[in-house]
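Undergrad: For reference, the file query-v3.txt (compact mmCIF, C-alpha atoms) is included below:
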```txt
# COMPACT_ATOMS: atom_id res chain seq x y z
CA MET A 1 13.06 -23.84 -23.12
CA LYS A 2 13.57 -21.52 -20.22
CA LYS A 3 16.38 -19.72 -22.04
CA ILE A 4 14.33 -19.27 -25.19
CA PHE A 5 11.41 -17.97 -23.18
CA THR A 6 13.58 -15.59 -21.22
CA ALA A 7 15.12 -14.28 -24.39
CA LEU A 8 11.72 -13.80 -25.98
CA VAL A 9 10.37 -11.87 -23.02
CA LEU A 10 13.52 -9.77 -23.01
CA VAL A 11 13.38 -9.04 -26.72
CA GLY A 12 9.66 -8.44 -26.52
CA SER A 13 9.92 -5.98 -23.69
CA SER A 14 12.91 -4.24 -25.24
CA VAL A 15 11.03 -3.88 -28.53
CA LEU A 16 8.04 -2.51 -26.68
CA TYR A 17 10.23 -0.12 -24.74
CA VAL A 18 11.91 1.19 -27.90
CA PHE A 19 8.50 1.56 -29.51
CA LEU A 20 7.16 3.59 -26.61
CA ARG A 21 10.14 5.91 -26.65
CA THR A 22 9.92 6.67 -30.35
CA VAL A 23 6.17 7.32 -30.56
CA PRO A 24 5.71 10.98 -31.52
CA VAL A 25 4.93 13.14 -28.51
CA SER A 26 1.94 15.47 -28.56
CA GLN A 27 2.65 19.15 -28.00
CA THR A 28 2.00 20.58 -24.57
CA VAL A 29 -1.32 22.37 -24.58
CA ALA A 30 -2.53 25.13 -22.31
CA HIS A 31 -4.10 23.74 -19.18
CA SER A 32 -7.87 23.66 -19.30
CA SER A 33 -10.11 22.89 -16.40
CA ALA A 34 -12.17 20.33 -18.30
CA PRO A 35 -10.88 16.80 -17.86
CA MET A 36 -9.51 15.16 -20.99
CA PRO A 37 -11.48 12.31 -22.49
CA ALA A 38 -10.31 8.99 -21.13
CA ALA A 39 -7.13 7.80 -22.77
CA PRO A 40 -7.19 4.39 -24.38
CA PRO A 41 -5.73 1.75 -22.12
CA ALA A 42 -1.94 1.49 -22.19
CA MET A 43 -0.54 -1.35 -24.22
CA PRO A 44 -0.09 -4.36 -21.97
CA VAL A 45 3.50 -5.49 -21.78
CA SER A 46 2.60 -9.07 -22.45
CA SER A 47 1.25 -8.24 -25.92
CA ALA A 48 4.84 -8.03 -27.07
CA SER A 49 5.53 -11.59 -26.05
CA VAL A 50 5.32 -14.38 -28.55
CA SER A 51 2.10 -16.32 -28.56
CA ALA A 52 2.92 -19.70 -27.11
CA LYS A 53 2.91 -22.58 -29.50
CA SER A 54 3.61 -24.95 -26.64
CA ALA A 55 2.84 -24.51 -22.95
CA TYR A 56 5.47 -22.94 -20.71
CA LYS A 57 6.41 -24.45 -17.40
CA ASP A 58 4.65 -22.84 -14.46
CA GLY A 59 6.73 -20.62 -12.26
CA ALA A 60 8.38 -17.24 -12.06
CA TYR A 61 11.28 -16.42 -14.30
CA ILE A 62 13.61 -13.47 -14.25
CA GLY A 63 15.00 -12.18 -17.50
CA SER A 64 18.59 -11.07 -17.52
CA MET A 65 19.22 -7.33 -17.34
CA ALA A 66 19.04 -5.70 -20.72
CA ASP A 67 20.48 -2.35 -21.69
CA ALA A 68 17.62 -0.16 -22.91
CA TYR A 69 19.82 2.88 -23.60
CA TYR A 70 18.40 5.02 -20.77
CA GLY A 71 19.01 2.31 -18.25
CA THR A 72 18.37 -1.34 -17.73
CA ILE A 73 15.25 -3.40 -17.95
CA GLU A 74 14.80 -6.57 -16.02
CA VAL A 75 11.48 -8.34 -16.10
CA GLN A 76 10.08 -11.21 -14.14
CA ALA A 77 7.51 -13.30 -15.92
CA THR A 78 5.06 -15.56 -14.16
CA ILE A 79 3.71 -18.61 -15.93
CA ARG A 80 0.45 -20.05 -14.77
CA ASN A 81 -1.31 -22.97 -16.39
CA GLY A 82 1.34 -22.98 -19.03
CA SER A 83 0.86 -19.42 -20.24
CA LEU A 84 2.11 -15.97 -19.40
CA ALA A 85 -0.02 -14.61 -16.59
CA ASP A 86 1.95 -11.78 -15.11
CA VAL A 87 4.89 -9.56 -15.89
CA ALA A 88 6.65 -7.47 -13.30
CA PHE A 89 9.43 -4.93 -13.75
CA LEU A 90 12.32 -5.65 -11.43
CA SER A 91 14.33 -2.89 -13.01
CA TYR A 92 13.10 0.05 -15.03
CA PRO A 93 15.12 2.69 -16.88
CA ASN A 94 16.04 5.83 -15.05
CA ASP A 95 15.82 9.05 -17.01
CA ARG A 96 15.92 11.49 -14.17
CA GLY A 97 17.51 14.23 -16.23
CA THR A 98 14.26 15.24 -17.85
CA SER A 99 10.64 14.57 -17.35
CA ARG A 100 9.21 13.46 -20.61
CA PHE A 101 6.15 12.01 -22.23
CA ILE A 102 6.91 8.35 -22.28
CA ASN A 103 3.55 7.03 -23.29
CA GLY A 104 2.33 8.55 -26.53
CA GLN A 105 -1.23 8.25 -25.30
CA ALA A 106 -0.57 10.33 -22.17
CA MET A 107 -2.55 13.39 -21.17
CA PRO A 108 -0.41 16.09 -22.76
CA MET A 109 -0.67 18.56 -19.93
CA LEU A 110 0.69 16.42 -17.11
CA THR A 111 4.31 15.42 -16.78
CA GLN A 112 5.24 11.76 -16.69
CA GLU A 113 8.32 9.86 -15.66
CA ALA A 114 9.40 6.26 -15.37
CA ILE A 115 9.55 5.32 -11.72
CA SER A 116 12.96 4.39 -10.40
CA ALA A 117 14.39 3.45 -7.05
CA GLN A 118 15.36 6.34 -4.83
CA SER A 119 17.15 6.36 -1.53
CA ALA A 120 15.12 4.49 1.03
CA ASN A 121 16.59 6.69 3.75
CA VAL A 122 13.40 8.65 4.38
CA ASP A 123 11.56 9.47 7.59
CA ILE A 124 8.19 8.09 6.57
CA ILE A 125 6.90 5.68 3.91
CA SER A 126 3.59 6.10 2.11
CA GLY A 127 2.15 3.13 0.31
CA ALA A 128 -1.26 1.59 -0.11
CA THR A 129 -2.51 -1.01 2.29
CA ASP A 130 -4.94 -3.76 1.64
CA THR A 131 -7.38 -3.93 4.51
CA SER A 132 -9.00 -7.14 3.35
CA LEU A 133 -9.47 -9.80 5.97
CA ALA A 134 -6.94 -12.11 4.34
CA PHE A 135 -4.31 -9.41 4.47
CA ARG A 136 -5.02 -8.72 8.12
CA GLN A 137 -4.82 -12.39 9.00
CA SER A 138 -1.63 -12.87 7.08
CA LEU A 139 -0.04 -9.80 8.60
CA ALA A 140 -1.08 -10.83 12.09
CA SER A 141 0.39 -14.30 11.75
CA ALA A 142 3.61 -12.91 10.32
CA LEU A 143 3.93 -10.53 13.24
CA GLU A 144 3.25 -13.39 15.59
CA LYS A 145 6.17 -15.24 14.11
CA ALA A 146 8.26 -12.12 14.44
CA HIS A 147 7.51 -12.10 18.15
CA SER A 148 8.56 -15.67 18.86
CA MET B 149 9.49 8.30 21.05
CA HIS B 150 8.82 6.22 18.01
CA GLU B 151 6.51 3.22 17.98
CA THR B 152 4.50 1.03 15.61
CA ARG B 153 1.39 -0.89 16.62
CA LEU B 154 -1.05 -3.02 14.68
CA ILE B 155 -4.44 -1.29 14.83
CA MET B 156 -7.32 -1.23 12.32
CA GLY B 157 -5.62 -4.14 10.57
CA MET B 158 -2.53 -2.19 9.64
CA PRO B 159 0.75 -1.01 11.14
CA ILE B 160 0.32 2.46 12.62
CA GLU B 161 3.50 4.35 13.30
CA ILE B 162 3.79 7.41 15.51
CA GLU B 163 6.90 9.44 16.23
CA ILE B 164 6.90 12.36 18.62
CA VAL B 165 10.18 14.23 18.78
CA GLY B 166 11.43 15.55 22.08
CA ALA B 167 11.18 14.56 25.70
CA GLY B 168 8.16 13.84 27.87
CA ASN B 169 5.92 12.52 25.15
CA ALA B 170 5.11 9.01 26.40
CA ASP B 171 1.66 10.03 27.61
CA ALA B 172 0.80 11.75 24.36
CA LEU B 173 1.94 8.68 22.43
CA GLU B 174 -0.21 6.35 24.57
CA ALA B 175 -3.21 8.64 24.25
CA ALA B 176 -2.88 8.77 20.47
CA PHE B 177 -2.73 4.99 20.19
CA ALA B 178 -5.64 4.59 22.60
CA PHE B 179 -7.72 6.93 20.44
CA LEU B 180 -6.94 4.87 17.33
CA VAL B 181 -7.96 1.67 19.11
CA ALA B 182 -11.25 3.31 20.05
CA VAL B 183 -11.81 4.34 16.43
CA ASP B 184 -11.30 0.74 15.38
CA GLU B 185 -13.81 -0.46 17.98
CA ARG B 186 -16.39 1.89 16.54
CA PHE B 187 -15.71 1.73 12.82
CA SER B 188 -14.32 -1.70 12.07
CA THR B 189 -16.51 -3.65 9.65
CA TYR B 190 -14.66 -6.78 10.76
CA LYS B 191 -15.90 -6.46 14.34
CA GLU B 192 -19.46 -7.71 14.64
CA GLU B 193 -20.23 -5.56 17.62
CA SER B 194 -18.75 -2.32 16.35
CA GLU B 195 -21.18 0.55 16.04
CA ILE B 196 -20.87 0.53 12.27
CA SER B 197 -21.61 -3.19 12.02
CA ARG B 198 -24.67 -2.88 14.25
CA LEU B 199 -25.99 0.08 12.27
CA SER B 200 -25.25 -1.66 8.99
CA ARG B 201 -27.08 -4.82 10.05
CA ALA B 202 -30.09 -2.78 11.09
CA GLY B 203 -30.05 -1.05 7.71
CA ALA B 204 -29.90 2.14 9.70
CA LEU B 205 -26.97 3.96 8.19
CA GLU B 206 -29.06 6.06 5.80
CA ARG B 207 -31.32 7.07 8.65
CA VAL B 208 -28.40 8.17 10.80
CA LEU B 209 -27.73 10.86 8.24
CA ASN B 210 -31.16 12.39 8.46
CA GLY B 211 -31.22 12.09 12.22
CA GLU B 212 -33.89 9.38 12.42
CA VAL B 213 -31.54 6.94 14.09
CA GLN B 214 -29.30 7.66 17.06
CA ALA B 215 -25.59 7.29 16.65
CA SER B 216 -22.43 8.55 18.30
CA ALA B 217 -21.17 12.01 17.41
CA ASP B 218 -18.12 10.49 15.71
CA MET B 219 -20.27 8.18 13.63
CA ARG B 220 -22.52 11.01 12.50
CA GLU B 221 -19.51 13.13 11.66
CA VAL B 222 -17.82 10.44 9.56
CA LEU B 223 -21.01 9.49 7.71
CA ALA B 224 -21.77 13.12 6.91
CA LEU B 225 -18.22 13.52 5.66
CA ALA B 226 -18.65 10.49 3.43
CA GLU B 227 -21.82 11.94 1.92
CA ARG B 228 -20.14 15.27 1.26
CA THR B 229 -17.19 13.54 -0.38
CA LYS B 230 -19.52 11.52 -2.57
CA ALA B 231 -21.15 14.71 -3.80
CA GLU B 232 -17.83 16.45 -4.37
CA THR B 233 -16.39 13.58 -6.39
CA GLY B 234 -19.35 12.93 -8.64
CA GLY B 235 -20.07 9.68 -6.85
CA TYR B 236 -16.61 8.19 -7.30
CA PHE B 237 -16.16 8.15 -3.57
CA ASP B 238 -18.92 6.03 -2.09
CA ILE B 239 -18.86 4.08 1.14
CA ARG B 240 -21.73 1.91 -0.10
CA CYS B 241 -20.39 -1.26 -1.69
CA PRO B 242 -22.06 -2.92 -4.69
CA ASP B 243 -23.38 -5.68 -2.44
CA GLY B 244 -25.13 -3.17 -0.20
CA THR B 245 -22.73 -3.23 2.71
CA ILE B 246 -21.18 -0.06 4.05
CA ASP B 247 -17.42 0.26 4.25
CA PRO B 248 -16.19 3.64 5.40
CA SER B 249 -12.53 2.63 5.56
CA GLY B 250 -11.73 4.98 2.68
CA ILE B 251 -12.43 7.90 4.95
CA VAL B 252 -12.10 6.61 8.52
CA LYS B 253 -8.34 6.23 8.24
CA GLY B 254 -7.72 9.85 7.24
CA TRP B 255 -10.24 11.12 9.76
CA ALA B 256 -8.64 9.06 12.53
CA VAL B 257 -5.10 10.16 11.71
CA LYS B 258 -6.17 13.79 11.57
CA ASN B 259 -7.75 13.54 15.00
CA ALA B 260 -4.79 11.63 16.46
CA ALA B 261 -2.49 14.39 15.21
CA ALA B 262 -4.74 17.04 16.75
CA ARG B 263 -4.50 15.29 20.10
CA ILE B 264 -0.70 15.20 19.91
CA ARG B 265 -0.63 18.92 19.16
CA ALA B 266 -3.08 19.63 21.96
CA ALA B 267 -0.70 17.84 24.32
CA GLY B 268 1.91 20.44 23.39
CA HIS B 269 4.03 18.53 20.90
CA GLU B 270 4.79 20.22 17.58
CA ASP B 271 7.27 17.84 15.99
CA PHE B 272 5.68 14.50 15.14
CA PHE B 273 4.09 12.31 12.54
CA VAL B 274 1.33 9.72 12.49
CA ASN B 275 1.39 7.16 9.68
CA ALA B 276 -1.53 4.76 9.38
CA GLY B 277 -0.99 2.53 6.38
CA GLY B 278 0.30 5.34 4.19
CA ASP B 279 -2.06 8.07 5.47
CA ILE B 280 0.23 10.59 7.10
CA ALA B 281 -0.23 13.66 9.27
CA MET B 282 2.87 15.52 10.36
CA GLY B 283 3.95 18.62 12.19
CA GLY B 284 7.16 20.56 12.66
CA VAL B 285 10.50 18.95 11.91
CA ASN B 286 12.20 15.60 12.40
CA ALA B 287 14.71 14.77 15.13
CA ALA B 288 17.54 16.16 13.03
CA GLY B 289 15.72 19.47 12.64
CA GLY B 290 14.90 18.97 8.98
CA PRO B 291 11.60 18.72 7.09
CA TRP B 292 9.89 15.35 7.29
CA SER B 293 10.67 13.28 4.18
CA VAL B 294 8.09 10.89 2.77
CA GLY B 295 8.99 8.08 0.40
CA ILE B 296 6.36 6.76 -1.98
CA ARG B 297 6.55 3.01 -2.11
CA ASN B 298 7.27 1.20 -5.38
CA PRO B 299 4.09 -0.71 -6.20
CA PHE B 300 6.13 -3.46 -7.89
CA LYS B 301 8.85 -3.79 -5.31
CA THR B 302 7.44 -2.83 -1.98
CA ASN B 303 10.78 -2.56 -0.21
CA GLU B 304 11.74 0.28 -2.58
CA VAL B 305 10.97 3.97 -2.61
CA VAL B 306 10.37 5.57 -6.02
CA LYS B 307 9.68 9.18 -5.12
CA ILE B 308 10.67 11.37 -2.20
CA VAL B 309 8.47 14.29 -1.18
CA TYR B 310 8.65 16.89 1.59
CA PRO B 311 5.01 17.72 2.36
CA LYS B 312 5.98 20.43 4.88
CA GLY B 313 3.12 19.93 7.27
CA ARG B 314 0.54 18.92 4.70
CA GLY B 315 -1.32 15.63 4.73
CA VAL B 316 -0.44 12.65 2.54
CA ALA B 317 -2.49 9.64 1.47
CA THR B 318 -1.80 6.81 -0.94
CA SER B 319 -4.52 4.67 -2.49
CA GLY B 320 -3.54 1.55 -4.31
CA SER B 321 -4.27 -1.96 -5.41
CA TYR B 322 -0.94 -3.65 -5.47
CA ILE B 323 -0.69 -5.42 -2.16
CA ARG B 324 -2.51 -8.38 -3.69
CA GLY B 325 0.16 -8.72 -6.32
CA ALA B 326 1.43 -6.81 -9.36
CA HIS B 327 -1.24 -8.08 -11.72
CA ILE B 328 -0.34 -6.09 -14.80
CA TYR B 329 -2.14 -8.13 -17.39
CA ASN B 330 -4.17 -11.32 -17.20
CA PRO B 331 -4.62 -12.94 -20.59
CA HIS B 332 -6.75 -15.66 -19.00
CA ALA B 333 -9.40 -13.25 -17.85
CA PRO B 334 -9.68 -10.43 -20.36
CA GLU B 335 -13.02 -9.45 -18.90
CA GLU B 336 -11.34 -8.79 -15.57
CA GLU B 337 -10.78 -5.13 -14.82
CA LEU B 338 -7.36 -4.06 -16.01
CA ARG B 339 -5.76 -2.42 -13.03
CA ASP B 340 -4.32 0.47 -14.98
CA ILE B 341 -3.36 2.78 -12.13
CA VAL B 342 -1.83 0.84 -9.27
CA SER B 343 -0.99 3.64 -6.85
CA THR B 344 -2.18 7.23 -6.34
CA THR B 345 -0.54 9.50 -3.78
CA VAL B 346 -2.17 12.79 -2.87
CA ILE B 347 -0.72 15.70 -0.89
CA GLY B 348 -3.47 17.92 0.50
CA PRO B 349 -4.19 20.55 3.14
CA ASP B 350 -4.53 17.79 5.76
CA VAL B 351 -4.53 14.01 5.85
CA LEU B 352 -8.33 13.73 5.84
CA GLU B 353 -8.61 15.83 2.70
CA ALA B 354 -5.79 13.88 1.08
CA ASP B 355 -7.38 10.56 2.04
CA ARG B 356 -10.85 11.21 0.70
CA PHE B 357 -9.63 12.59 -2.60
CA ALA B 358 -6.97 9.90 -3.04
CA THR B 359 -9.65 7.27 -2.67
CA ALA B 360 -11.88 8.99 -5.22
CA ALA B 361 -9.02 9.62 -7.63
CA PHE B 362 -8.01 5.98 -7.50
CA ALA B 363 -11.53 4.92 -8.34
CA MET B 364 -11.41 7.14 -11.43
CA GLY B 365 -8.53 5.20 -12.93
CA ARG B 366 -6.43 7.11 -15.42
CA ARG B 367 -8.58 10.22 -15.07
CA GLY B 368 -7.95 10.42 -11.35
CA ILE B 369 -4.74 12.42 -11.60
CA GLU B 370 -6.53 14.95 -13.85
CA PHE B 371 -9.15 15.28 -11.15
CA ILE B 372 -6.46 16.05 -8.57
CA GLU B 373 -4.96 18.59 -10.99
CA THR B 374 -8.26 20.48 -11.01
CA LEU B 375 -8.34 20.69 -7.22
CA GLN B 376 -6.86 23.84 -5.70
CA GLY B 377 -4.35 22.99 -2.96
CA PHE B 378 -3.86 19.32 -3.92
CA GLU B 379 -1.01 17.62 -5.74
CA GLY B 380 -0.75 14.02 -6.86
CA TYR B 381 1.52 11.27 -8.14
CA ALA B 382 -0.11 8.32 -9.88
CA ILE B 383 1.77 5.18 -10.91
CA ASP B 384 0.39 2.94 -13.62
CA ALA B 385 0.71 -0.77 -14.20
CA GLU B 386 3.72 -0.28 -16.44
CA GLY B 387 5.72 1.76 -13.95
CA VAL B 388 5.03 5.15 -15.50
CA ALA B 389 4.14 7.91 -13.06
CA THR B 390 2.01 10.96 -13.86
CA MET B 391 2.22 13.98 -11.61
CA THR B 392 0.18 17.12 -11.17
CA SER B 393 1.74 20.37 -12.32
CA GLY B 394 2.47 21.65 -8.82
CA LEU B 395 4.09 18.54 -7.35
CA GLY B 396 7.62 19.77 -8.03
CA VAL B 397 7.47 22.17 -5.09
CA PHE B 398 7.21 19.20 -2.74
CA THR B 399 10.16 17.33 -4.16
CA MET B 400 12.59 19.77 -2.59
CA PRO B 401 13.44 19.79 1.11
```
Would it be possible to restate this file's structure as structure tokens?
TA:
Amino acid sequence: MKKIFTALVLVGSSVLYVFLRTVPVSQTVAHSSAPMPAAPPAMPVSSASVSAKSAYKDGAYIGSMADAYYGTIEVQATIRNGSLADVAFLSYPNDRGTSRFINGQAMPMLTQEAISAQSANVDIISGATDTSLAFRQSLASALEKAHS
Amino acid sequence: MHETRLIMGMPIEIEIVGAGNADALEAAFAFLVAVDERFSTYKEESEISRLSRAGALERVLNGEVQASADMREVLALAERTKAETGGYFDIRCPDGTIDPSGIVKGWAVKNAAARIRAAGHEDFFVNAGGDIAMGGVNAAGGPWSVGIRNPFKTNEVVKIVYPKGRGVATSGSYIRGAHIYNPHAPEEELRDIVSTTVIGPDVLEADRFATAAFAMGRRGIEFIETLQGFEGYAIDAEGVATMTSGLGVFTMP
């Protein structure tokens, strides 16, 4: 069951990836100062997965690495209450040679690229923080453990 | 000296290059603790909590109610930012409470950096939960490098920038978990953009516009594009990043 599911997620995400890469790209237009109308929401990755005929087993599952031509894709799918609830990219293709329009629904004037891991040997890291109380409590307790 | 302390509910990291900087480091941290005492919405007796409970925050702005100089400054800044962002930046929450954290962080880091400079140190950085002010060069004599965290794998860096003295801020929603799509709750807001990083003239400017841009969703990066002197890098829920047209300059050391 797990193997079939993993294969389906893999095939589904590979199909989606190929689809996104072959969607015709809009021509670059001259920059205007007026914001573009809101783009339709990007296609959710999970729409490519097969609708479940039977419930999946809850948990997190990692698909094997698949060659998507420009690099590898590896997804982790989370099953909750028997259905797909979450998909995370563990590995995403690297096409650092060119910046390109990957999503056919992108704003044509701004460059896009697939994110990919860079050297972590930097002076400073910038990332969002969640200042909710739960996060603070969790962080505090973790640091407490780090002390002991 | 290089140290990280937990203040304002987040790790705050300060590095000051060179000798004789222990006092400046202590003073910077002490200032940040004082900011937390005044502005923390989690502390019942903070100035902001007391003003919020009394329903007095609006009246601070028009001078009816007394408040500290710092409080008046931050609240005025919040109002100005709200006007400049068409209301997308707003410290008033839907439930009526006031949460200025979207602007206090940048304001605090900017002031901490100013104090370090005033103490005579040119080569340093202050990083409060991704809001960064920097000056001069790193210990090796090179430009400070900043790595933008991968929203999906938070121990990874996905973009390296060299802000060369400018301020950096990242707004995001991914610490709670990479919730790309929830088929069980289609009415739940689809978190399309998960991380927006802004490079601006200073960390306060970067912070207030990063917060606003994040609230605008997919249009946020277009908003940053229209701002003179600001560049941005927005990552969406599928791992695709969109960058403003002038960001390239900052990707080179």
Undergrad: Record the distance separating atom CA of B:Gly254 and atom CA of B:Ala182, expressed in Å with one decimal.
TA: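 About the pair atom CA of B:Gly254 and atom CA of B:Ala182: they are 14.8 Å apart.
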Undergrad: Have a look at atom CA of B:Glu192 and atom CA of B:Ala215 and let me know their distance in Å, one decimal.
TA: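 Between atom CA of B:Glu192 and atom CA of B:Ala215 the gap works out to 16.3 Å.
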Undergrad: Please return, as number ranges by chain, all residues of chain B lying within 8 Å of chain A when all atoms listed in the file are considered.
TA: B: 157-158, 190, 275, 277-280, 286, 292-301, 304-308, 316-324, 326-332, 340, 343, 345, 366-367, 370-371, 374, 383, 386-393
Undergrad: Work out how far atom CA of B:Ala178 is from atom CA of B:Phe357, in Å to one decimal.
TA: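 These atoms are spaced 26.7 Å apart.
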Undergrad: What lies within 12 Å of B:Ala217 using all atoms listed in the file, ignoring chain neighbours under 6 positions off, as a PDB file with C-alpha atoms, in the frame of the given file?
TA:
```
ATOM      1  CA  ARG B 186     -16.390   1.890  16.540  1.00  0.00           C
ATOM      2  CA  GLU B 195     -21.180   0.550  16.040  1.00  0.00           C
ATOM      3  CA  VAL B 208     -28.400   8.170  10.800  1.00  0.00           C
ATOM      4  CA  LEU B 209     -27.730  10.860   8.240  1.00  0.00           C
ATOM      5  CA  GLY B 211     -31.220  12.090  12.220  1.00  0.00           C
ATOM      6  CA  LEU B 223     -21.010   9.490   7.710  1.00  0.00           C
ATOM      7  CA  ALA B 224     -21.770  13.120   6.910  1.00  0.00           C
TER       8      ALA B 224
END
```
Undergrad: List the neighbours of B:Ala204 out to 12 Å using only C-alpha atoms; skip same-chain residues closer than 3 positions along the sequence, and give me the result as a PyMOL selection string.
TA: chain B and resi 195-201+207-215+220+223+245-246
